[in-house]
Amino acid sequence: MVVCQLTIVIVSWIANALWPEFGMTSLLSHKGIRWMVGEMPDMLASEVMLWLLTAGMAWGVLHEVFRRRNGDDLLGGYAERIAFHVTIAVTIILTCLILFLIFGPDTILLSATGTYRDSSLSKGAVPMALLMTAVIMSTYGLFSGRIASLQALYYAMCSGIRDVVPLLLIYLFVSSCYFSLMYVLP
């Protein structure tokens with residue numbers, strides 16, 4: 001991907017110098033450099049990056065909660081049964097809250113035209129689902145003792161994000177090449 005990005009930069013510069021009638025924008029021009037410094041970060045900080053970060057947080061919590069420990073059976077002890085019941089209650093409360101925000105009177109998550117297209121819900125459904133998963137699994141983990149404290153929960157989320165970092169790097173390289181190519185082409 002680094003080679004691809006360098007190729008886009010060099011080819012856009014050569015094509016702009018040799019064939020200006022094509023209208024290709026060089027990334028080495030004043031306009032191209034301003035675009036790379038000013039606009040590219042906004043494009044890279046997209047929904048996909050948020051999805052990857054929230055997926056990492058949810059993954060870290062799920063991994064910590066369902067990690068097998070010596071002699072542990074899921075729902076084997078009293079604390080785990082209590083945790084299961086509390087988790088069901090939290091899941092029902094969160095689901096009812098989301099359903100109220102979606103289908104209730106004066107639905108807040110609809111767009112200005114009253115549809116789901118281009119609404120807050122359509123833009124935030126994936127992060128909201130991932131954060132709900134993290135909250136639900138955190139509830140289970142904390143009440144069952146599989147996650148010992150809020151500090152352990154924090155570290156579990158951080159370890160999940162650490163697991164997602166390779167995907168973040170791939171996303172950054174691929175999207176950087178894509179947005180550069182879209183900028184360069186007429």
# chains A, B, ... in the order shown; residues from 1 in each chain; ligands from 1

$ residues_around --residues "Leu109 (chain A)" --least-positions-apart "4" --cutoff "10 Å" --atoms "only C-alpha atoms" --output "NGL selection string"
:A and (98 or 100-104 or 114-116 or 119-124)

$ atom_distance --atom1 "CA of Ala79 (chain A)" --atom2 "CA of Gln151 (chain A)"
19.8 Å

$ select_by_dssp --residues "chain A" --states "alpha helix (DSSP H)" --output "ChimeraX atom specification"
/A:2-18,30-38,40-44,47-66,78-103,120-144,150-184

$ residues_around --residues "Asn16 (chain A)" --least-positions-apart "6" --cutoff "10 Å" --atoms "only C-alpha atoms" --output "ChimeraX atom specification"
/A:10,22-29,184

$ residues_around --residues "Ala148 (chain A)" --least-positions-apart "6" --cutoff "12 Å" --atoms "only C-alpha atoms" --output "PyMOL selection string"
chain A and resi 64-65+138-142+154-156

$ write_last_selection --atoms "N, CA and C atoms" --output "CSV table (one decimal), in the first residue's frame"
chain,number,residue,atom,x,y,z
A,64,GLU,N,-12.5,-11.2,27.3
A,64,GLU,CA,-12.3,-11.3,28.7
A,64,GLU,C,-13.4,-12.1,29.4
A,65,VAL,N,-14.6,-11.9,29.1
A,65,VAL,CA,-15.7,-12.5,29.7
A,65,VAL,C,-15.7,-14.0,29.4
A,138,SER,N,-20.1,-6.2,29.6
A,138,SER,CA,-19.4,-5.7,30.8
A,138,SER,C,-20.3,-5.9,32.0
A,139,THR,N,-21.6,-5.8,31.9
A,139,THR,CA,-22.5,-6.0,33.0
A,139,THR,C,-22.3,-7.5,33.5
A,140,TYR,N,-22.3,-8.4,32.5
A,140,TYR,CA,-22.2,-9.8,32.9
A,140,TYR,C,-20.8,-10.0,33.5
A,141,GLY,N,-19.8,-9.5,32.9
A,141,GLY,CA,-18.4,-9.7,33.4
A,141,GLY,C,-18.2,-9.2,34.8
A,142,LEU,N,-18.7,-8.0,35.1
A,142,LEU,CA,-18.6,-7.4,36.4
A,142,LEU,C,-19.4,-8.1,37.5
A,154,TYR,N,-11.4,-1.6,31.8
A,154,TYR,CA,-10.7,-0.7,30.9
A,154,TYR,C,-9.6,-1.4,30.2
A,155,TYR,N,-8.8,-2.3,30.9
A,155,TYR,CA,-7.7,-3.0,30.3
A,155,TYR,C,-8.3,-4.0,29.2
A,156,ALA,N,-9.4,-4.6,29.5
A,156,ALA,CA,-10.0,-5.5,28.5
A,156,ALA,C,-10.4,-4.8,27.2

$ closest_residue --among "A:Val2, A:Val164, A:Met137, A:Ala112" --to "Phe66 (chain A)" --atoms "only C-alpha atoms"
A:Met137

$ closest_residue --among "A:Ser180, A:Ser144, A:Ser111, A:Ser46" --to "Thr7 (chain A)" --atoms "only C-alpha atoms"
A:Ser180

$ closest_atom_pairs --of "region 60-176 of chain A" --to "region 31-43 of chain A" --cutoff "12 Å" --atoms "only C-alpha atoms" --output "JSON lines"
{"residue": "A:Tyr171", "atom": "CA", "partner": "A:Met43", "partner_atom": "CA", "distance": 11.7}
{"residue": "A:Leu172", "atom": "CA", "partner": "A:Pro41", "partner_atom": "CA", "distance": 10.0}
{"residue": "A:Phe173", "atom": "CA", "partner": "A:Met40", "partner_atom": "CA", "distance": 11.9}
{"residue": "A:Ser175", "atom": "CA", "partner": "A:Met43", "partner_atom": "CA", "distance": 8.4}
{"residue": "A:Ser176", "atom": "CA", "partner": "A:Met40", "partner_atom": "CA", "distance": 7.6}

$ decode --residues "region 121-145 of chain A" --atoms "N, CA and C atoms" --output "mmCIF file, in the first residue's frame"
data_model
loop_
_atom_site.group_PDB
_atom_site.id
_atom_site.type_symbol
_atom_site.label_atom_id
_atom_site.label_comp_id
_atom_site.auth_asym_id
_atom_site.auth_seq_id
_atom_site.Cartn_x
_atom_site.Cartn_y
_atom_site.Cartn_z
ATOM 1 N N LEU A 121 -29.936 7.398 13.139
ATOM 2 C CA LEU A 121 -29.942 5.951 13.333
ATOM 3 C C LEU A 121 -29.126 5.245 12.262
ATOM 4 N N SER A 122 -29.293 5.633 11.010
ATOM 5 C CA SER A 122 -28.557 4.954 9.936
ATOM 6 C C SER A 122 -27.059 5.217 10.042
ATOM 7 N N LYS A 123 -26.681 6.363 10.567
ATOM 8 C CA LYS A 123 -25.257 6.675 10.714
ATOM 9 C C LYS A 123 -24.652 6.041 11.955
ATOM 10 N N GLY A 124 -25.443 5.838 12.991
ATOM 11 C CA GLY A 124 -24.895 5.358 14.254
ATOM 12 C C GLY A 124 -25.323 3.972 14.659
ATOM 13 N N ALA A 125 -25.952 3.207 13.768
ATOM 14 C CA ALA A 125 -26.459 1.890 14.139
ATOM 15 C C ALA A 125 -25.341 0.921 14.514
ATOM 16 N N VAL A 126 -24.282 0.887 13.724
ATOM 17 C CA VAL A 126 -23.196 -0.064 13.993
ATOM 18 C C VAL A 126 -22.473 0.268 15.296
ATOM 19 N N PRO A 127 -22.011 1.530 15.500
ATOM 20 C CA PRO A 127 -21.364 1.816 16.784
ATOM 21 C C PRO A 127 -22.298 1.619 17.982
ATOM 22 N N MET A 128 -23.577 1.957 17.797
ATOM 23 C CA MET A 128 -24.526 1.787 18.885
ATOM 24 C C MET A 128 -24.683 0.305 19.231
ATOM 25 N N ALA A 129 -24.778 -0.556 18.230
ATOM 26 C CA ALA A 129 -24.899 -1.998 18.480
ATOM 27 C C ALA A 129 -23.639 -2.543 19.146
ATOM 28 N N LEU A 130 -22.479 -2.075 18.695
ATOM 29 C CA LEU A 130 -21.225 -2.539 19.297
ATOM 30 C C LEU A 130 -21.071 -2.048 20.739
ATOM 31 N N LEU A 131 -21.447 -0.804 20.991
ATOM 32 C CA LEU A 131 -21.372 -0.287 22.360
ATOM 33 C C LEU A 131 -22.390 -0.981 23.267
ATOM 34 N N MET A 132 -23.569 -1.282 22.726
ATOM 35 C CA MET A 132 -24.551 -2.038 23.518
ATOM 36 C C MET A 132 -23.997 -3.414 23.872
ATOM 37 N N THR A 133 -23.341 -4.045 22.907
ATOM 38 C CA THR A 133 -22.722 -5.341 23.174
ATOM 39 C C THR A 133 -21.678 -5.217 24.268
ATOM 40 N N ALA A 134 -20.855 -4.170 24.188
ATOM 41 C CA ALA A 134 -19.825 -3.959 25.213
ATOM 42 C C ALA A 134 -20.447 -3.719 26.584
ATOM 43 N N VAL A 135 -21.518 -2.925 26.643
ATOM 44 C CA VAL A 135 -22.175 -2.648 27.930
ATOM 45 C C VAL A 135 -22.809 -3.918 28.495
ATOM 46 N N ILE A 136 -23.481 -4.672 27.655
ATOM 47 C CA ILE A 136 -24.140 -5.896 28.117
ATOM 48 C C ILE A 136 -23.112 -6.905 28.615
ATOM 49 N N MET A 137 -22.039 -7.094 27.851
ATOM 50 C CA MET A 137 -21.017 -8.051 28.273
ATOM 51 C C MET A 137 -20.239 -7.544 29.490
ATOM 52 N N SER A 138 -20.068 -6.227 29.595
ATOM 53 C CA SER A 138 -19.421 -5.659 30.779
ATOM 54 C C SER A 138 -20.267 -5.909 32.019
ATOM 55 N N THR A 139 -21.565 -5.774 31.874
ATOM 56 C CA THR A 139 -22.469 -6.042 32.993
ATOM 57 C C THR A 139 -22.310 -7.485 33.460
ATOM 58 N N TYR A 140 -22.331 -8.392 32.494
ATOM 59 C CA TYR A 140 -22.177 -9.798 32.862
ATOM 60 C C TYR A 140 -20.812 -10.050 33.507
ATOM 61 N N GLY A 141 -19.781 -9.505 32.902
ATOM 62 C CA GLY A 141 -18.433 -9.727 33.425
ATOM 63 C C GLY A 141 -18.240 -9.171 34.822
ATOM 64 N N LEU A 142 -18.741 -7.977 35.072
ATOM 65 C CA LEU A 142 -18.574 -7.361 36.395
ATOM 66 C C LEU A 142 -19.398 -8.077 37.463
ATOM 67 N N PHE A 143 -20.638 -8.452 37.131
ATOM 68 C CA PHE A 143 -21.482 -9.108 38.130
ATOM 69 C C PHE A 143 -21.061 -10.545 38.378
ATOM 70 N N SER A 144 -20.491 -11.200 37.387
ATOM 71 C CA SER A 144 -20.081 -12.598 37.575
ATOM 72 C C SER A 144 -18.698 -12.709 38.199
ATOM 73 N N GLY A 145 -17.941 -11.620 38.200
ATOM 74 C CA GLY A 145 -16.589 -11.664 38.723
ATOM 75 C C GLY A 145 -15.561 -12.044 37.669
#
